[in-house]
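Pasted below: query-v9.cif, mmCIF, C-alpha atoms and all ligand atoms.
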```cif
data_target
loop_
_atom_site.label_atom_id
_atom_site.label_comp_id
_atom_site.auth_asym_id
_atom_site.auth_seq_id
_atom_site.Cartn_x
_atom_site.Cartn_y
_atom_site.Cartn_z
CA MET A 1 -29.42 9.56 4.45
CA SER A 2 -31.54 8.89 7.53
CA SER A 3 -34.88 8.41 5.75
CA SER A 4 -36.72 5.14 6.35
CA VAL A 5 -36.68 4.27 2.64
CA PRO A 6 -33.48 2.27 2.12
CA ASP A 7 -31.19 4.09 -0.24
CA ARG A 8 -29.77 2.43 -3.30
CA ASN A 9 -26.50 1.58 -1.53
CA GLN A 10 -28.47 -0.40 1.04
CA VAL A 11 -30.46 -2.19 -1.68
CA LEU A 12 -27.26 -3.11 -3.51
CA PHE A 13 -25.52 -4.20 -0.30
CA GLU A 14 -28.34 -6.60 0.53
CA ARG A 15 -28.34 -7.98 -3.01
CA ALA A 16 -24.55 -8.32 -2.97
CA GLN A 17 -24.58 -10.26 0.29
CA ARG A 18 -26.68 -12.98 -1.31
CA VAL A 19 -24.06 -13.85 -3.92
CA ILE A 20 -20.77 -12.42 -2.63
CA PRO A 21 -19.45 -13.27 0.86
CA GLY A 22 -20.04 -10.22 3.05
CA GLY A 23 -21.17 -8.40 -0.11
CA VAL A 24 -17.62 -7.40 -1.03
CA ASN A 25 -14.62 -8.73 -2.91
CA SER A 26 -12.08 -7.39 -0.40
CA PRO A 27 -12.98 -7.29 3.31
CA VAL A 28 -12.22 -3.67 4.27
CA ARG A 29 -14.77 -2.45 1.73
CA ALA A 30 -17.55 -3.85 3.91
CA PHE A 31 -17.29 -0.98 6.46
CA ARG A 32 -17.13 -3.53 9.31
CA ALA A 33 -14.60 -1.41 11.22
CA VAL A 34 -16.68 1.79 11.07
CA GLY A 35 -20.21 0.41 10.79
CA GLY A 36 -22.84 1.56 8.32
CA THR A 37 -23.54 0.73 4.71
CA PRO A 38 -20.70 0.57 2.21
CA ARG A 39 -21.11 2.95 -0.69
CA PHE A 40 -21.44 1.27 -4.07
CA ILE A 41 -19.58 3.42 -6.56
CA ASP A 42 -21.19 4.20 -9.91
CA ARG A 43 -18.42 6.25 -11.44
CA ALA A 44 -15.48 8.49 -10.67
CA GLN A 45 -13.80 11.45 -12.31
CA GLY A 46 -10.76 13.42 -11.18
CA PRO A 47 -10.80 13.57 -7.36
CA TYR A 48 -14.49 12.59 -7.08
CA MET A 49 -16.54 9.43 -6.83
CA TRP A 50 -20.34 9.16 -7.07
CA ASP A 51 -22.22 6.43 -5.25
CA ALA A 52 -25.32 4.55 -6.33
CA ALA A 53 -27.54 7.09 -4.56
CA GLY A 54 -25.99 9.94 -6.55
CA GLN A 55 -23.94 11.35 -3.66
CA ARG A 56 -20.58 12.85 -4.64
CA TYR A 57 -17.47 12.29 -2.51
CA ILE A 58 -14.02 13.83 -2.52
CA ASP A 59 -11.99 10.63 -2.73
CA TYR A 60 -9.03 10.17 -0.37
CA ILE A 61 -8.70 6.43 -1.01
CA GLY A 62 -7.87 6.55 -4.70
CA SER A 63 -8.48 2.80 -4.99
CA TRP A 64 -6.12 2.39 -2.00
CA GLY A 65 -3.32 4.22 -3.76
CA PRO A 66 -3.21 3.61 -7.51
CA MET A 67 -5.18 6.68 -8.66
CA ILE A 68 -2.33 9.16 -8.15
CA LEU A 69 -3.53 11.21 -11.15
CA GLY A 70 -7.14 11.11 -10.05
CA HIS A 71 -9.79 9.12 -11.89
CA GLY A 72 -10.10 9.05 -15.67
CA HIS A 73 -7.08 11.17 -16.58
CA PRO A 74 -7.59 11.82 -20.32
CA GLU A 75 -4.10 10.66 -21.37
CA VAL A 76 -4.35 7.46 -19.36
CA LEU A 77 -7.83 6.80 -20.65
CA GLU A 78 -6.69 7.26 -24.23
CA ALA A 79 -3.74 4.88 -23.75
CA VAL A 80 -6.04 2.23 -22.27
CA GLN A 81 -8.62 2.60 -25.02
CA ARG A 82 -5.96 2.33 -27.72
CA ALA A 83 -4.44 -0.76 -26.09
CA ALA A 84 -7.84 -2.42 -25.69
CA VAL A 85 -8.50 -2.07 -29.41
CA GLU A 86 -5.17 -3.79 -30.15
CA GLY A 87 -6.05 -6.76 -27.95
CA PHE A 88 -6.83 -7.66 -24.34
CA SER A 89 -4.30 -10.41 -23.77
CA PHE A 90 -1.98 -12.48 -25.92
CA GLY A 91 -0.08 -14.83 -23.62
CA ALA A 92 3.04 -13.80 -25.53
CA PRO A 93 5.54 -11.02 -24.87
CA THR A 94 4.90 -7.42 -25.95
CA GLU A 95 7.08 -4.33 -26.35
CA ARG A 96 5.03 -2.46 -23.77
CA GLU A 97 6.23 -4.84 -21.03
CA ILE A 98 9.82 -3.88 -21.85
CA GLU A 99 8.89 -0.20 -21.76
CA LEU A 100 7.26 -0.53 -18.34
CA ALA A 101 10.20 -2.54 -16.97
CA GLU A 102 12.58 0.10 -18.37
CA ALA A 103 10.54 2.90 -16.78
CA ILE A 104 10.67 1.21 -13.36
CA VAL A 105 14.38 0.38 -13.60
CA ALA A 106 15.14 3.96 -14.67
CA GLU A 107 13.67 5.42 -11.48
CA VAL A 108 14.77 2.79 -8.96
CA PRO A 109 18.56 2.30 -8.94
CA SER A 110 18.43 -0.83 -6.73
CA ILE A 111 16.68 -2.71 -9.53
CA GLU A 112 18.21 -4.11 -12.71
CA GLN A 113 15.37 -6.41 -13.69
CA VAL A 114 11.68 -6.70 -12.92
CA ARG A 115 9.08 -9.39 -13.36
CA LEU A 116 5.52 -8.14 -13.90
CA VAL A 117 2.61 -9.85 -12.17
CA SER A 118 -1.06 -9.03 -11.54
CA SER A 119 -1.39 -8.15 -7.84
CA GLY A 120 0.67 -6.99 -4.89
CA THR A 121 -0.07 -10.26 -3.15
CA GLU A 122 1.39 -12.19 -6.06
CA ALA A 123 4.45 -9.94 -6.18
CA GLY A 124 5.11 -10.26 -2.44
CA MET A 125 4.64 -14.02 -2.49
CA SER A 126 7.00 -14.33 -5.47
CA ALA A 127 9.61 -12.06 -3.84
CA ILE A 128 9.74 -14.35 -0.83
CA ARG A 129 10.04 -17.46 -2.95
CA LEU A 130 12.87 -15.82 -4.87
CA ALA A 131 14.61 -14.79 -1.63
CA ARG A 132 14.30 -18.32 -0.29
CA GLY A 133 15.43 -19.87 -3.56
CA ALA A 134 18.40 -17.53 -3.95
CA THR A 135 19.62 -18.01 -0.36
CA GLY A 136 18.65 -21.65 0.10
CA ARG A 137 17.07 -20.68 3.45
CA SER A 138 13.49 -20.92 4.73
CA MET A 139 13.08 -18.36 7.46
CA ILE A 140 11.60 -14.92 6.86
CA ILE A 141 11.21 -11.94 9.17
CA LYS A 142 8.32 -9.51 8.96
CA PHE A 143 7.01 -6.82 11.29
CA GLU A 144 3.73 -6.60 13.16
CA GLY A 145 1.31 -4.24 11.43
CA CYS A 146 2.94 -4.54 8.00
CA TYR A 147 0.76 -6.10 5.33
CA HIS A 148 2.39 -7.79 2.37
CA GLY A 149 -0.63 -9.35 0.71
CA HIS A 150 -2.41 -12.54 1.72
CA ALA A 151 0.10 -15.27 0.89
CA ASP A 152 0.09 -17.97 3.60
CA ALA A 153 3.60 -17.28 4.92
CA LEU A 154 2.77 -13.59 5.39
CA LEU A 155 -0.54 -13.93 7.24
CA VAL A 156 1.30 -14.41 10.47
CA LYS A 157 1.34 -12.61 13.79
CA ALA A 158 3.94 -12.57 16.52
CA GLY A 159 4.37 -15.60 18.76
CA SER A 160 4.50 -15.29 22.53
CA GLY A 161 8.18 -14.38 22.63
CA LEU A 162 11.13 -13.68 20.43
CA ALA A 163 12.23 -17.30 20.48
CA THR A 164 8.88 -18.51 19.15
CA PHE A 165 7.84 -18.34 15.56
CA GLY A 166 4.62 -16.83 14.31
CA HIS A 167 1.03 -17.97 14.47
CA PRO A 168 -1.36 -17.77 11.52
CA THR A 169 -3.66 -14.73 11.58
CA SER A 170 -6.04 -16.49 9.21
CA ALA A 171 -7.86 -19.78 9.42
CA GLY A 172 -6.66 -22.07 6.66
CA VAL A 173 -2.97 -21.25 7.07
CA PRO A 174 -1.17 -24.36 8.33
CA PRO A 175 1.05 -23.77 11.40
CA GLU A 176 3.80 -25.55 9.44
CA VAL A 177 3.80 -22.63 6.98
CA ALA A 178 3.67 -19.94 9.66
CA GLN A 179 6.49 -21.51 11.63
CA HIS A 180 9.10 -20.19 9.21
CA THR A 181 7.94 -16.61 9.71
CA LEU A 182 9.29 -14.60 12.61
CA VAL A 183 7.22 -11.50 13.42
CA LEU A 184 8.96 -8.66 15.22
CA GLU A 185 8.00 -5.21 16.45
CA TYR A 186 8.37 -2.40 13.89
CA ASN A 187 11.12 0.09 14.71
CA ASN A 188 12.54 -2.17 17.44
CA VAL A 189 16.31 -2.41 16.85
CA GLU A 190 16.99 -4.71 19.83
CA GLN A 191 14.54 -7.32 18.58
CA ILE A 192 15.97 -7.50 15.08
CA GLU A 193 19.50 -7.72 16.53
CA ALA A 194 18.45 -10.54 18.84
CA ALA A 195 16.71 -12.36 15.97
CA PHE A 196 19.85 -12.26 13.81
CA ALA A 197 22.04 -13.26 16.76
CA GLN A 198 19.87 -16.32 17.27
CA HIS A 199 18.92 -17.31 13.70
CA GLY A 200 21.31 -15.36 11.45
CA ASP A 201 22.35 -18.20 9.13
CA ARG A 202 18.74 -19.36 8.62
CA ILE A 203 17.18 -16.06 7.57
CA ALA A 204 16.33 -15.79 3.86
CA CYS A 205 14.96 -12.27 4.02
CA VAL A 206 13.62 -9.42 6.09
CA MET A 207 10.50 -7.89 4.55
CA ILE A 208 9.27 -4.44 5.48
CA GLU A 209 6.88 -1.69 4.48
CA PRO A 210 9.33 1.26 4.62
CA ILE A 211 6.44 3.56 5.43
CA ALA A 212 3.83 1.25 6.87
CA GLY A 213 0.53 2.26 5.29
CA ASN A 214 -1.36 -0.74 6.60
CA MET A 215 -1.15 0.58 10.16
CA ASN A 216 -2.21 4.04 8.98
CA PHE A 217 1.13 5.79 8.45
CA VAL A 218 4.21 4.80 10.43
CA ARG A 219 7.70 5.48 9.12
CA ALA A 220 10.50 3.01 9.62
CA GLN A 221 13.09 5.07 11.48
CA VAL A 222 16.36 5.62 9.64
CA PRO A 223 18.60 3.89 12.26
CA PHE A 224 16.24 0.89 12.20
CA VAL A 225 16.47 0.54 8.41
CA ALA A 226 20.24 1.11 8.51
CA ARG A 227 20.66 -1.61 11.14
CA ILE A 228 18.57 -4.13 9.17
CA ARG A 229 20.72 -3.38 6.12
CA GLU A 230 23.91 -4.11 8.11
CA LEU A 231 22.51 -7.28 9.66
CA CYS A 232 21.30 -8.62 6.30
CA ASP A 233 24.72 -7.94 4.77
CA ARG A 234 26.58 -9.58 7.62
CA HIS A 235 24.39 -12.70 7.65
CA GLY A 236 23.74 -13.12 3.93
CA ALA A 237 20.01 -12.38 4.14
CA LEU A 238 18.12 -10.32 1.57
CA PHE A 239 16.35 -7.07 2.50
CA VAL A 240 12.95 -6.84 0.81
CA PHE A 241 11.23 -3.44 0.54
CA ASP A 242 7.51 -3.87 0.01
CA GLU A 243 6.75 -0.69 -1.90
CA VAL A 244 3.36 -1.82 -3.20
CA MET A 245 1.84 1.22 -1.49
CA THR A 246 4.80 3.62 -1.25
CA GLY A 247 6.26 2.89 -4.71
CA PHE A 248 5.90 5.88 -7.07
CA ARG A 249 3.52 7.34 -4.45
CA VAL A 250 5.71 8.95 -1.76
CA ALA A 251 8.44 9.97 -4.23
CA LEU A 252 9.31 9.21 -7.84
CA GLY A 253 12.19 7.01 -6.63
CA SER A 254 9.79 5.42 -4.09
CA ALA A 255 10.44 5.25 -0.33
CA GLN A 256 13.87 3.71 -0.87
CA SER A 257 15.06 6.97 -2.45
CA LEU A 258 14.25 8.75 0.83
CA TYR A 259 16.30 6.21 2.84
CA ALA A 260 19.12 6.47 0.30
CA GLN A 261 19.26 10.22 1.06
CA ALA A 262 19.60 9.50 4.79
CA ILE A 263 21.83 6.39 4.62
CA PRO A 264 24.75 6.73 2.18
CA GLY A 265 24.69 3.97 -0.45
CA PHE A 266 21.48 2.46 0.89
CA ARG A 267 19.64 -0.03 -1.34
CA PRO A 268 17.20 -2.82 -0.59
CA ASP A 269 17.91 -6.15 -2.31
CA ILE A 270 14.42 -6.90 -3.61
CA SER A 271 11.63 -4.37 -4.17
CA VAL A 272 7.95 -5.09 -4.56
CA PHE A 273 5.60 -2.75 -6.42
CA GLY A 274 1.89 -2.60 -7.25
CA LYS A 275 -0.88 -0.01 -6.99
CA VAL A 276 0.52 3.13 -8.75
CA ILE A 277 2.53 1.20 -11.36
CA GLY A 278 -0.76 -0.18 -12.71
CA GLY A 279 -2.58 3.16 -12.55
CA GLY A 280 -5.74 1.35 -11.40
CA MET A 281 -5.38 -1.81 -13.50
CA PRO A 282 -4.31 -5.19 -12.05
CA LEU A 283 -0.54 -4.93 -12.31
CA ALA A 284 2.32 -5.38 -9.87
CA ALA A 285 6.01 -6.24 -10.02
CA PHE A 286 9.02 -7.39 -8.09
CA GLY A 287 12.54 -6.36 -8.99
CA THR A 288 16.13 -6.89 -7.95
CA THR A 289 19.62 -7.29 -9.36
CA ARG A 290 20.41 -9.58 -12.31
CA GLU A 291 22.45 -11.65 -9.89
CA VAL A 292 19.40 -12.46 -7.75
CA MET A 293 16.94 -12.59 -10.68
CA LYS A 294 18.96 -15.30 -12.41
CA HIS A 295 17.41 -17.73 -9.92
CA LEU A 296 13.95 -17.10 -11.43
CA ALA A 297 12.43 -19.36 -14.10
CA PRO A 298 13.14 -19.71 -17.00
CA LEU A 299 16.76 -18.84 -16.05
CA GLY A 300 16.82 -20.59 -12.69
CA GLY A 301 15.00 -23.00 -10.45
CA VAL A 302 12.55 -20.65 -8.69
CA TYR A 303 9.21 -21.10 -10.42
CA GLN A 304 6.87 -18.19 -11.06
CA ALA A 305 4.40 -17.58 -13.90
CA GLY A 306 1.14 -15.88 -14.84
CA THR A 307 -1.42 -16.07 -17.67
CA LEU A 308 -2.22 -12.37 -17.43
CA SER A 309 1.22 -11.16 -16.27
CA GLY A 310 2.28 -8.03 -18.15
CA ASN A 311 -1.21 -7.71 -19.56
CA PRO A 312 -1.18 -5.31 -22.54
CA VAL A 313 -4.06 -3.10 -21.35
CA ALA A 314 -2.71 -2.94 -17.78
CA THR A 315 0.80 -2.09 -18.96
CA ALA A 316 -0.60 0.69 -21.17
CA CYS A 317 -2.39 2.11 -18.13
CA GLY A 318 0.71 1.84 -15.94
CA LEU A 319 3.02 3.33 -18.57
CA ALA A 320 0.75 6.32 -19.22
CA THR A 321 0.53 6.89 -15.46
CA LEU A 322 4.30 6.70 -14.95
CA ARG A 323 4.89 9.01 -17.92
CA LEU A 324 2.74 11.70 -16.28
CA ILE A 325 4.15 11.38 -12.77
CA ARG A 326 7.71 11.58 -14.11
CA GLN A 327 7.12 15.17 -15.20
CA PRO A 328 9.35 17.65 -13.34
CA GLY A 329 7.80 19.06 -10.18
CA PHE A 330 5.01 16.47 -9.99
CA PHE A 331 5.91 15.13 -6.54
CA GLU A 332 6.80 18.54 -5.11
CA ALA A 333 3.32 19.80 -6.02
CA LEU A 334 1.60 16.64 -4.79
CA GLY A 335 3.56 16.68 -1.53
CA ALA A 336 2.73 20.34 -0.91
CA LYS A 337 -0.97 19.70 -1.54
CA THR A 338 -0.98 16.74 0.83
CA ARG A 339 0.77 18.81 3.51
CA THR A 340 -1.82 21.57 3.13
CA LEU A 341 -4.51 18.97 3.78
CA VAL A 342 -2.92 17.41 6.86
CA ASP A 343 -1.87 20.79 8.31
CA GLY A 344 -5.48 21.95 7.91
CA LEU A 345 -6.80 18.81 9.62
CA ALA A 346 -4.33 19.31 12.48
CA GLU A 347 -5.38 22.95 12.84
CA ALA A 348 -9.07 21.93 12.89
CA ALA A 349 -8.30 19.41 15.64
CA ARG A 350 -6.32 21.98 17.63
CA ALA A 351 -9.19 24.46 17.40
CA ALA A 352 -11.56 21.78 18.72
CA GLY A 353 -9.17 20.62 21.44
CA VAL A 354 -8.99 17.09 20.00
CA PRO A 355 -5.69 15.18 20.35
CA PHE A 356 -4.45 14.61 16.81
CA VAL A 357 -1.17 13.90 15.05
CA THR A 358 -0.48 13.54 11.37
CA ASP A 359 2.31 12.78 8.92
CA SER A 360 2.60 12.65 5.15
CA GLN A 361 5.04 11.99 2.35
CA GLY A 362 4.35 12.78 -1.30
CA GLY A 363 0.74 11.81 -1.98
CA MET A 364 0.30 9.54 1.07
CA PHE A 365 -0.84 10.64 4.53
CA GLY A 366 -1.97 9.37 7.89
CA PHE A 367 -3.47 10.73 11.08
CA PHE A 368 -4.15 9.47 14.58
CA PHE A 369 -6.33 10.65 17.43
CA LEU A 370 -3.30 10.35 19.68
CA PRO A 371 -0.96 12.87 21.34
CA GLU A 372 2.11 11.67 19.45
CA LEU A 373 2.96 9.64 16.34
CA PRO A 374 3.01 5.92 17.11
CA GLN A 375 6.13 3.95 16.17
CA HIS A 376 4.69 0.44 16.03
CA TYR A 377 1.48 -1.54 15.79
CA GLN A 378 0.65 -1.80 19.51
CA ALA A 379 0.88 1.99 19.79
CA VAL A 380 -1.32 2.46 16.70
CA MET A 381 -3.92 0.25 18.29
CA THR A 382 -4.21 2.55 21.33
CA SER A 383 -6.01 5.01 19.00
CA ASP A 384 -9.55 5.96 19.93
CA ASN A 385 -11.56 3.78 17.57
CA ALA A 386 -14.97 5.24 18.46
CA ARG A 387 -13.71 8.76 17.84
CA PHE A 388 -12.21 7.74 14.50
CA ASN A 389 -15.52 6.19 13.47
CA ARG A 390 -17.45 9.35 14.35
CA PHE A 391 -14.93 11.39 12.36
CA PHE A 392 -15.16 9.02 9.40
CA HIS A 393 -18.96 9.09 9.27
CA GLY A 394 -19.11 12.84 9.89
CA LEU A 395 -16.92 13.42 6.86
CA LEU A 396 -18.69 10.81 4.75
CA ASP A 397 -22.01 12.57 5.43
CA ARG A 398 -20.35 15.77 4.22
CA GLY A 399 -19.13 14.18 0.98
CA VAL A 400 -15.56 13.34 2.01
CA TYR A 401 -14.50 9.72 1.62
CA LEU A 402 -11.65 8.61 3.91
CA ALA A 403 -10.50 5.02 4.32
CA PRO A 404 -13.10 3.17 6.43
CA ALA A 405 -10.69 1.96 9.14
CA LEU A 406 -8.25 3.76 11.42
CA TYR A 407 -5.34 1.54 10.43
CA GLU A 408 -5.38 2.61 6.76
CA ALA A 409 -3.40 5.39 5.06
CA GLY A 410 -4.98 8.12 2.95
CA PHE A 411 -4.11 9.30 -0.54
CA VAL A 412 -4.22 12.63 -2.34
CA SER A 413 -4.11 12.80 -6.14
CA ALA A 414 -2.83 15.42 -8.56
CA ALA A 415 -6.49 16.04 -9.49
CA HIS A 416 -7.49 17.32 -6.04
CA THR A 417 -7.96 21.09 -6.30
CA ASP A 418 -7.19 23.70 -3.67
CA ALA A 419 -10.97 24.08 -3.31
CA ASP A 420 -11.33 20.33 -2.62
CA ILE A 421 -8.67 20.51 0.07
CA ALA A 422 -10.27 23.62 1.61
CA ALA A 423 -13.74 22.02 1.57
CA THR A 424 -12.31 18.92 3.26
CA ILE A 425 -10.68 20.98 6.01
CA GLU A 426 -13.90 22.94 6.52
CA ALA A 427 -15.88 19.69 6.85
CA ALA A 428 -13.27 18.37 9.30
CA ARG A 429 -13.56 21.58 11.33
CA GLU A 430 -17.31 21.00 11.71
CA VAL A 431 -16.95 17.36 12.61
CA MET A 432 -14.04 17.88 15.02
CA ARG A 433 -16.25 20.15 17.11
CA THR A 434 -18.65 17.22 17.66
CA LEU A 435 -16.02 14.64 18.59
C1 LIG B 1 -1.92 -3.37 -1.13
C2 LIG B 1 -0.68 -3.96 -0.59
C3 LIG B 1 -0.29 -5.27 -0.89
C4 LIG B 1 -1.17 -6.23 -1.62
O1 LIG B 1 -1.47 -5.81 -2.91
P1 LIG B 1 -2.77 -6.40 -3.65
O2 LIG B 1 -2.68 -5.84 -5.02
O3 LIG B 1 -3.94 -5.89 -2.85
O4 LIG B 1 -2.68 -7.87 -3.60
C5 LIG B 1 0.95 -5.70 -0.47
N1 LIG B 1 1.76 -4.90 0.23
C6 LIG B 1 1.42 -3.64 0.56
C7 LIG B 1 2.37 -2.78 1.31
C8 LIG B 1 0.18 -3.13 0.17
O5 LIG B 1 -0.18 -1.90 0.54
#
```

Just give me the structure as structure tokens.
Ligand SMILES: *Cc1c(COP(=O)(O)O)cnc(C)c1O
Amino acid sequence: MSSSVPDRNQVLFERAQRVIPGGVNSPVRAFRAVGGTPRFIDRAQGPYMWDAAGQRYIDYIGSWGPMILGHGHPEVLEAVQRAAVEGFSFGAPTEREIELAEAIVAEVPSIEQVRLVSSGTEAGMSAIRLARGATGRSMIIKFEGCYHGHADALLVKAGSGLATFGHPTSAGVPPEVAQHTLVLEYNNVEQIEAAFAQHGDRIACVMIEPIAGNMNFVRAQVPFVARIRELCDRHGALFVFDEVMTGFRVALGSAQSLYAQAIPGFRPDISVFGKVIGGGMPLAAFGTTREVMKHLAPLGGVYQAGTLSGNPVATACGLATLRLIRQPGFFEALGAKTRTLVDGLAEAARAAGVPFVTDSQGGMFGFFFLPELPQHYQAVMTSDNARFNRFFHGLLDRGVYLAPALYEAGFVSAAHTDADIAATIEAAREVMRTL
């Protein structure tokens, strides 16, 4: 890797940068947070990916979540190939869309109807429009460190105080759009209470990542979620669970099933899905009750549409994926495997005397070079970035591919073998000693 002849990844990265901004089609792929050359992937199979220089990696990104079965599962591949032969896209309804909607509704009791779209961003954006249309209100609440896709109203950070509305986090977002978004601290009950006390009758929805995977891995505490539920009910606001990452990933019933175990009768009002439900194809969804969905076009006045929505190849991929993960014991086995991994990483850190905490649920995990699990974004950002970057590159050099930024979650698939997990822990043990 350190030879003076540029490897093929470097050659491709330079070529890419001439015609693609930053050389990538989604910013985190550029390795800006960790430095170094992004790996251009040639192919993947099971738990492995191979880069353009022929190096194999054990993959803990899984396309940022979708590849819960690993890459190229034979049954999924066959379903996709069969669907592709039948046609790529019709712009007319198909039976497979009903089947996928039925599969989602069957596992998620809060949902009676779903609308399929093509990306998590689109689903999140549409969920907010629906919440605003159904309530006749403009204001939305989100939490710092939660990512809900890149719709204008959601690219907002906290203002200077609770009374002030958000500021755009991206150039090109008009302040007039951001001013309807209030950004609060995750897991802060007092702030959400104060926000409802002040603005209760103007709030259309509260949107949350129930396990925030876009600030590594931070769980919304049960009393926090319970309190938001009560406040939304009292003030007529809708509670939106963004399960694009957690949906069908942390449990078959998604993160909301875990909160329903802890809070009797708990349900969010609107749920947003993506990633796993497409099995690696562009597919996402938002779902809610018939009562709320009746506001959506063509039934109601909230407009939403898509040329490729419910695409027949994507729905085949998603359906085959859901069919496999619905098998009894799937999530128990996946959860146990993920725990073996994070316990091994923690043990490696302990042996090396490196401060380290970790958490996981189902096939999703996170870790921090911190003495205790952070509860909100500011605490996440006290992590030792330089140490994370050394850890990341140490593992990458040893053929283990973690997310290239400390604020991203990790993913284990059903295809990871015990030997893969053991090799990963062994590599971590070596690297931890050098941190
Ligand atoms: C990935 C993600 C999104 C955005 O989905 P895209 O398909 O990348 O547009 C939204 N919300 C959460 C929680 C996500 O993890």

Protein and nucleic acid residues within 8 Å of ligand LIG 1 (chain B) (all atoms listed in the file) as a PyMOL selection string: chain A and resi 64+118-124+146-150+209+212-214+242-246+272-275+282-284

Long-range neighbours of Gly166 (chain A) as a PyMOL selection string, 8 Å cut-off, only C-alpha atoms, 6 positions minimum in chain: chain A and resi 156-159+178-183

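Residues surrounding region 130-134 of chain A within 7 Å are Ser126, Ala127, Arg137, Ser138, Ala204, Cys205, Leu238, Val292, His295, Leu296 and Val302 of chain A [only C-alpha atoms; sequence separation below 3 positions excluded].
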
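Reported to one decimal place, the separation of CA of Gly287 (chain A) from CA of Val105 (chain A) is 8.4 Å.
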
Best match for closeness to Asp7 (chain A) among A:Gly247, A:Gly145, A:Gly54, A:Gly172, counting only C-alpha atoms: A:Gly54

Expected residue set, 12 Å radius at (1.6, 6.8, -8.0), only C-alpha atoms, as a ChimeraX atom specification: /A:62-70,104,243-255,273-280,317-326,330-331,334-335,362-364,411-414
